[in-house]
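So this one's my_file_31.cif, mmCIF, C-alpha atoms:
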data_coords
loop_
_atom_site.label_atom_id
_atom_site.label_comp_id
_atom_site.auth_asym_id
_atom_site.auth_seq_id
_atom_site.Cartn_x
_atom_site.Cartn_y
_atom_site.Cartn_z
CA MET P 1 -21.40 25.25 32.18
CA PRO P 2 -23.84 26.30 34.94
CA GLU P 3 -24.93 23.52 37.28
CA TRP P 4 -28.66 23.97 36.53
CA ILE P 5 -28.11 23.27 32.82
CA ALA P 6 -26.26 19.97 33.27
CA PRO P 7 -29.27 17.85 34.43
CA ILE P 8 -31.35 18.91 31.40
CA ASN P 9 -31.82 16.13 28.88
CA TRP P 10 -31.50 18.10 25.67
CA SER P 11 -32.02 15.08 23.44
CA VAL P 12 -35.45 14.46 24.99
CA ILE P 13 -36.41 18.14 24.62
CA ALA P 14 -35.28 18.15 21.01
CA THR P 15 -37.18 14.95 20.30
CA ASN P 16 -40.36 16.32 21.90
CA ALA P 17 -40.02 19.62 20.03
CA VAL P 18 -39.61 17.86 16.69
CA THR P 19 -42.57 15.61 17.50
CA ILE P 20 -44.82 18.57 18.41
CA ILE P 21 -43.79 20.56 15.34
CA THR P 22 -44.39 17.54 13.11
CA GLN P 23 -47.82 16.99 14.66
CA LEU P 24 -48.73 20.69 14.26
CA ILE P 25 -47.67 20.65 10.62
CA GLY P 26 -49.70 17.50 10.04
CA ILE P 27 -52.77 18.97 11.76
CA PHE P 28 -52.60 22.18 9.72
CA ILE P 29 -52.16 20.22 6.50
CA VAL P 30 -55.24 18.15 7.34
CA PHE P 31 -57.10 21.34 8.32
CA PHE P 32 -56.47 23.08 5.00
CA ILE P 33 -57.26 19.93 3.01
CA ALA P 34 -60.48 19.37 4.98
CA ARG P 35 -61.49 23.02 4.53
CA ALA P 36 -60.93 22.91 0.78
CA ILE P 37 -62.78 19.61 0.39
CA GLY P 38 -65.60 20.78 2.67
CA LYS P 39 -66.13 24.05 0.78
CA LYS P 40 -66.11 22.21 -2.53
CA PHE P 41 -68.59 19.64 -1.22
CA ILE P 42 -70.90 22.35 0.15
CA SER P 43 -70.75 24.28 -3.13
CA SER P 44 -71.54 21.23 -5.27
CA SER P 45 -74.30 20.08 -2.88
CA PHE P 46 -76.11 23.40 -2.95
CA ARG P 47 -75.70 23.66 -6.71
CA LYS P 48 -77.33 20.24 -7.18
CA MET P 49 -80.03 21.10 -4.64
CA GLY P 50 -80.78 24.35 -6.47
CA GLU P 51 -81.12 22.51 -9.78
CA GLN P 52 -83.33 19.78 -8.32
CA LYS P 53 -85.64 22.14 -6.41
CA ASN P 54 -85.55 24.97 -8.97
CA MET P 55 -84.24 27.41 -6.39
CA ALA P 56 -83.23 30.92 -7.42
CA PRO P 57 -79.44 31.27 -7.85
CA SER P 58 -79.37 34.11 -5.31
CA ARG P 59 -81.13 31.94 -2.70
CA THR P 60 -78.75 29.04 -3.34
CA LYS P 61 -75.73 31.34 -3.00
CA THR P 62 -77.10 32.77 0.28
CA LEU P 63 -77.55 29.35 1.89
CA GLU P 64 -74.19 28.20 0.54
CA LYS P 65 -72.34 31.12 2.17
CA LEU P 66 -74.14 30.52 5.47
CA ALA P 67 -73.29 26.80 5.44
CA THR P 68 -69.67 27.58 4.58
CA ASN P 69 -69.38 29.97 7.53
CA ILE P 70 -70.84 27.44 9.97
CA PHE P 71 -68.51 24.74 8.60
CA SER P 72 -65.50 27.05 9.01
CA TYR P 73 -66.36 27.86 12.62
CA LEU P 74 -66.78 24.16 13.42
CA LEU P 75 -63.51 23.27 11.71
CA ILE P 76 -61.62 25.97 13.63
CA PHE P 77 -63.01 24.68 16.92
CA ILE P 78 -61.86 21.14 16.04
CA LEU P 79 -58.42 22.52 15.11
CA ILE P 80 -58.10 24.25 18.49
CA THR P 81 -59.17 21.05 20.23
CA PHE P 82 -56.48 18.97 18.48
CA ILE P 83 -53.80 21.58 19.16
CA ALA P 84 -54.75 21.59 22.82
CA GLY P 85 -54.47 17.77 22.84
CA ILE P 86 -50.91 17.97 21.46
CA PHE P 87 -49.85 20.07 24.45
CA ASN P 88 -51.54 17.59 26.82
CA TYR P 89 -54.27 20.07 27.73
CA ASN P 90 -57.45 18.50 29.05
CA VAL P 91 -59.82 18.64 26.07
CA SER P 92 -62.86 17.93 28.21
CA ALA P 93 -62.00 21.00 30.26
CA LEU P 94 -61.79 23.00 27.04
CA ILE P 95 -65.22 21.78 25.96
CA ALA P 96 -66.63 22.50 29.40
CA GLY P 97 -65.06 25.94 29.26
CA ALA P 98 -66.66 26.52 25.88
CA GLY P 99 -70.02 25.59 27.41
CA ILE P 100 -69.50 28.04 30.25
CA ILE P 101 -68.49 30.75 27.79
CA GLY P 102 -71.59 30.00 25.73
CA LEU P 103 -73.73 30.29 28.85
CA ALA P 104 -72.09 33.60 29.71
CA VAL P 105 -72.72 34.83 26.17
CA GLY P 106 -76.36 33.81 26.49
CA PHE P 107 -76.80 35.87 29.65
CA GLY P 108 -74.45 38.76 29.00
CA ALA P 109 -74.05 39.38 25.29
CA GLN P 110 -77.66 40.17 24.50
CA GLY P 111 -76.67 42.08 21.38
CA LEU P 112 -74.97 39.00 19.93
CA VAL P 113 -77.99 36.84 20.72
CA SER P 114 -80.26 39.44 19.11
CA ASP P 115 -78.05 39.41 16.00
CA VAL P 116 -78.31 35.63 15.70
CA VAL P 117 -82.08 35.51 16.30
CA THR P 118 -82.75 38.32 13.82
CA GLY P 119 -80.45 36.76 11.24
CA PHE P 120 -82.22 33.42 11.63
CA PHE P 121 -85.63 34.94 10.90
CA ILE P 122 -84.27 36.99 7.98
CA LEU P 123 -83.05 33.76 6.41
CA LEU P 124 -86.19 31.83 7.35
CA GLU P 125 -88.53 34.44 5.87
CA LYS P 126 -86.33 34.91 2.78
CA GLN P 127 -86.32 38.68 3.23
CA MET P 128 -83.17 39.04 1.12
CA ASP P 129 -80.70 36.97 -0.84
CA VAL P 130 -77.17 37.43 -2.13
CA ASP P 131 -76.86 39.73 -5.19
CA GLU P 132 -80.11 41.55 -4.41
CA TYR P 133 -80.35 45.33 -4.07
CA ILE P 134 -81.73 46.35 -0.67
CA THR P 135 -81.99 49.25 1.76
CA ALA P 136 -81.43 48.39 5.42
CA ALA P 137 -80.35 50.33 8.52
CA GLY P 138 -80.16 53.53 6.50
CA MET P 139 -77.76 52.07 3.91
CA ASP P 140 -78.35 50.60 0.50
CA GLY P 141 -76.32 48.33 -1.73
CA ILE P 142 -75.94 44.86 -3.16
CA VAL P 143 -76.07 41.97 -0.67
CA GLU P 144 -72.77 40.07 -0.66
CA GLU P 145 -73.33 37.86 2.35
CA VAL P 146 -76.14 37.11 4.79
CA GLY P 147 -74.87 35.66 8.05
CA LEU P 148 -76.40 34.81 11.40
CA ARG P 149 -74.61 37.76 13.00
CA THR P 150 -74.01 40.37 10.29
CA THR P 151 -75.13 41.24 6.78
CA ARG P 152 -72.57 42.54 4.29
CA LEU P 153 -73.60 45.12 1.69
CA ARG P 154 -71.52 46.68 -1.04
CA GLY P 155 -72.54 50.22 -1.92
CA PHE P 156 -72.50 51.51 -5.48
CA ASP P 157 -69.35 53.50 -4.73
CA GLY P 158 -67.56 50.27 -3.71
CA THR P 159 -67.85 50.77 0.05
CA VAL P 160 -68.50 47.57 2.02
CA HIS P 161 -71.03 47.94 4.86
CA TYR P 162 -71.17 45.43 7.72
CA ILE P 163 -74.59 45.71 9.38
CA PRO P 164 -75.33 43.88 12.66
CA ASN P 165 -78.58 42.04 12.10
CA ARG P 166 -80.19 43.58 15.19
CA GLU P 167 -79.98 47.00 13.50
CA ILE P 168 -82.14 45.85 10.59
CA GLY P 169 -85.43 47.13 11.97
CA SER P 170 -86.95 47.48 8.51
CA LEU P 171 -85.75 46.24 5.15
CA SER P 172 -86.63 47.32 1.62
CA ASN P 173 -85.88 44.81 -1.13
CA HIS P 174 -85.69 46.43 -4.56
CA SER P 175 -85.06 43.20 -6.47
CA ARG P 176 -88.23 41.18 -6.11
CA SER P 177 -90.25 42.67 -8.99
CA ASN P 178 -90.03 44.94 -12.00
CA MET P 179 -88.75 48.45 -11.29
CA ARG P 180 -90.04 51.80 -12.51
CA ALA P 181 -88.07 54.14 -14.72
CA LEU P 182 -89.31 57.70 -14.23
CA VAL P 183 -88.23 60.79 -16.18
CA ASP P 184 -89.59 64.31 -15.69
CA ILE P 185 -88.79 66.85 -18.37
CA GLY P 186 -89.73 70.54 -18.40
CA ILE P 187 -90.76 72.54 -21.46
CA SER P 188 -91.44 76.24 -21.82
CA TYR P 189 -94.93 77.62 -21.19
CA ASP P 190 -94.87 78.99 -24.73
CA GLU P 191 -94.58 75.53 -26.33
CA ASN P 192 -97.41 73.38 -27.68
CA ILE P 193 -97.92 70.62 -25.11
CA ASP P 194 -99.49 68.11 -27.53
CA GLU P 195 -96.62 68.50 -29.96
CA ALA P 196 -94.06 68.15 -27.16
CA VAL P 197 -95.78 65.01 -25.85
CA LYS P 198 -95.67 63.43 -29.32
CA VAL P 199 -91.98 64.28 -29.78
CA ILE P 200 -91.10 62.88 -26.33
CA GLN P 201 -93.12 59.71 -26.92
CA ASP P 202 -91.44 59.06 -30.27
CA ALA P 203 -88.00 59.69 -28.76
CA CYS P 204 -88.55 57.32 -25.83
CA SER P 205 -90.08 54.62 -28.02
CA GLY P 206 -87.04 54.78 -30.27
CA ALA P 207 -84.65 54.62 -27.32
CA ALA P 208 -86.55 51.64 -25.86
CA GLU P 209 -85.64 49.51 -28.89
CA ASN P 210 -82.02 49.49 -27.71
CA PHE P 211 -82.98 47.73 -24.48
CA GLY P 212 -85.01 44.84 -25.91
CA THR P 213 -86.64 42.74 -23.20
CA LYS P 214 -85.12 44.83 -20.38
CA ILE P 215 -88.14 47.14 -20.71
CA LYS P 216 -91.21 45.20 -19.61
CA GLU P 217 -93.86 47.85 -20.17
CA GLY P 218 -93.95 51.26 -21.84
CA PRO P 219 -92.48 53.77 -22.20
CA ASP P 220 -95.58 55.94 -21.84
CA VAL P 221 -95.83 59.71 -21.64
CA VAL P 222 -98.47 60.09 -18.93
CA GLY P 223 -98.89 63.83 -19.51
CA VAL P 224 -98.41 67.03 -17.56
CA GLN P 225 -97.12 66.27 -14.08
CA ALA P 226 -96.68 69.75 -12.62
CA PHE P 227 -96.43 73.45 -13.32
CA GLY P 228 -93.05 74.85 -12.33
CA ASP P 229 -91.92 78.41 -11.93
CA SER P 230 -90.74 78.56 -15.52
CA ASP P 231 -91.68 75.22 -17.07
CA VAL P 232 -94.39 72.67 -17.65
CA VAL P 233 -93.24 69.28 -16.35
CA ILE P 234 -94.07 66.22 -18.48
CA ARG P 235 -93.60 62.74 -17.04
CA VAL P 236 -92.50 59.52 -18.76
CA LEU P 237 -92.90 56.08 -17.15
CA ALA P 238 -91.68 52.59 -18.01
CA GLN P 239 -91.41 49.23 -16.24
CA THR P 240 -87.96 47.64 -16.41
CA GLU P 241 -86.04 44.63 -15.16
CA ASN P 242 -84.35 44.89 -11.77
CA MET P 243 -81.27 47.15 -11.71
CA GLU P 244 -81.97 48.41 -15.25
CA GLN P 245 -84.10 51.41 -14.33
CA TRP P 246 -81.18 53.84 -14.05
CA SER P 247 -79.66 53.03 -17.43
CA VAL P 248 -83.11 53.32 -19.03
CA GLU P 249 -83.67 56.72 -17.40
CA ARG P 250 -80.30 58.00 -18.62
CA GLU P 251 -80.99 56.86 -22.18
CA PHE P 252 -84.47 58.43 -22.13
CA ARG P 253 -83.12 61.78 -20.96
CA LYS P 254 -80.51 61.79 -23.70
CA ALA P 255 -83.04 60.88 -26.39
CA ILE P 256 -85.57 63.46 -25.14
CA LYS P 257 -82.99 66.26 -25.08
CA GLU P 258 -81.85 65.50 -28.63
CA ALA P 259 -85.44 65.22 -29.92
CA LEU P 260 -86.56 68.49 -28.30
CA ASP P 261 -83.54 70.31 -29.71
CA ALA P 262 -84.17 68.88 -33.18
CA ASN P 263 -87.79 70.09 -33.10
CA GLY P 264 -87.03 73.52 -31.72
CA ILE P 265 -88.83 72.92 -28.40
CA GLU P 266 -87.25 74.90 -25.60
CA ILE P 267 -86.17 73.38 -22.30
CA PRO P 268 -86.18 76.32 -19.85
CA TYR P 269 -83.06 77.11 -17.88
CA PRO P 270 -82.22 79.91 -15.45
CA HIS P 271 -81.45 83.27 -17.04
CA GLN P 272 -79.58 86.11 -15.42
CA VAL P 273 -80.15 89.73 -16.33
CA TYR P 274 -77.57 92.35 -15.39
CA MET P 275 -78.69 95.98 -15.14
CA THR P 276 -76.36 98.91 -14.92
CA LYS P 277 -77.25 102.42 -13.92
CA ASN P 278 -75.47 105.40 -15.36
CA VAL P 279 -74.94 108.10 -12.75
CA GLU P 280 -74.40 111.57 -14.18
CA ALA P 281 -71.82 113.69 -12.48
#
As structure tokens, how would this structure be written, given the file I've shared?
Amino acid sequence: MPEWIAPINWSVIATNAVTIITQLIGIFIVFFIARAIGKKFISSSFRKMGEQKNMAPSRTKTLEKLATNIFSYLLIFILITFIAGIFNYNVSALIAGAGIIGLAVGFGAQGLVSDVVTGFFILLEKQMDVDEYITAAGMDGIVEEVGLRTTRLRGFDGTVHYIPNREIGSLSNHSRSNMRALVDIGISYDENIDEAVKVIQDACSGAAENFGTKIKEGPDVVGVQAFGDSDVVIRVLAQTENMEQWSVEREFRKAIKEALDANGIEIPYPHQVYMTKNVEA
């Protein structure tokens, strides 16, 4: 056995290792229990607050996610502090170091500070809430999470967009009022416009019965919208609930097409004419 190994007290090392591992296991167990209890407490607290103050479910969910994130960050910092204490690291130095890092972030990471400040005012002014349909930073989708640093959107194709709050220069919220369903349909110049308007109105009114209260106003055929190269464009409008405008438009187009076909009213479409020239020998 080498001479440098002999003086080592392996029993002490083994005892210390077992003690540290036991303490780490205990800390992580407490961490996961505290995180589960904390998230459950936050969820129940915001649910009760929403019921007592008649808050919108989307607003309650937004504040709940923000509080959960802040709680998680705080819990992770406490976990790191306890782990440092196990290895006899000076915790006060760690806290002081965190203060220095925070100061450096304040002076150097201006983008991060801008994210936090912008996110704070977005939440304060209630510009958007979770589950709302918005357009921001050139992207649109359903809000999944509003944080102090980033906003998470899910596009209609399933793509998740993470937008730094500082990039949200302007924001369009499509979920704060009734939406408009708009359908333009073209008929031939040879058709009777009054007859076509009546057929379209009857078709849309019949289709609207399938949506019940999802249609708030209309549908109304407002009349001739434009003169195209080969058609007369007739417009139909209706007011719908949020996120229902697309399904209403699709149903209207289907009903209009079937009604126009049934009444022999032509919907113009491009025609191609082929001409051949016979060349005599």
(request) Taking the file above as input, evaluate the PyMOL selection byres ((chain P and resi 83) around 12) and report the hits as number ranges by chain. (result) P: 20-28, 31, 76-82, 84-91, 94
(message) Would you compute the distance between CA of Val236 (chain P) and CA of Glu249 (chain P)? Give it in Å to one decimal.
(response) 9.4 Å
(request) Can you give me, as a list in words, the residues this file yields under the PyMOL selection byres ((chain P and resi 60-62) around 9)? (result)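 On the file shown, the PyMOL selection byres ((chain P and resi 60-62) around 9) covers Ser43, Phe46, Arg47, Met49, Gly50, Met55, Ala56, Pro57, Ser58, Arg59, Leu63, Glu64, Lys65, Leu66, Ala67, Leu123, Met128, Asp129, Val130, Asp131, Glu144, Glu145, Val146 and Gly147 of chain P.
Straight-line separation from CA of Trp246 (chain P) to CA of Gly264 (chain P): 27.1 Å.
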(request) For CA of Arg149 (chain P) and CA of Ile42 (chain P), quote the distance in Å rounded to one decimal. (result)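 Taking CA of Arg149 (chain P) as the start and CA of Ile42 (chain P) as the end point, the length is 20.4 Å.
Using only C-alpha atoms, the set of residues no farther than 9 Å from the position (-74.7, 47.1, -3.2) comprises Asp131, Glu132, Tyr133, Ile134, Asp140, Gly141, Ile142, Val143, Glu144, Leu153, Arg154, Gly155, Phe156, Asp157, Gly158, Thr159, Val160 and His161 of chain P.
When you apply the PyMOL selection byres ((chain P and resi 256) around 9) to this structure, what comes back is Ile185, Val199, Ile200, Gln201, Asp202, Ala203, Cys204, Glu251, Phe252, Arg253, Lys254, Ala255, Lys257, Glu258, Ala259, Leu260 and Asp261 of chain P.
Comparing P:Gly218, P:Gly186, P:Asp229, P:Phe121 by their smallest distance to Ser205 (chain P), the closest is P:Gly218 (using all atoms listed in the file).
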(message) For Thr135 (chain P), find every residue with an atom within 7 Å (counting only C-alpha atoms), except residues of its own chain fewer than 3 positions away, and show them as a list in words.
(response)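 The contact residues come out as Gly138, Met139, Asp140, Gly141, Leu171, Ser172 and Asn173 of chain P.
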(message) I'd like to know which of P:Lys198, P:Ala208, P:Thr68, P:Arg180 is closest to Lys40 (chain P), using only C-alpha atoms.
(response) P:Thr68
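Proximity of P:Asp190, P:Lys214, P:Phe41, P:Ile163 to Glu266 (chain P), computed with all atoms listed in the file, is greatest for P:Asp190.
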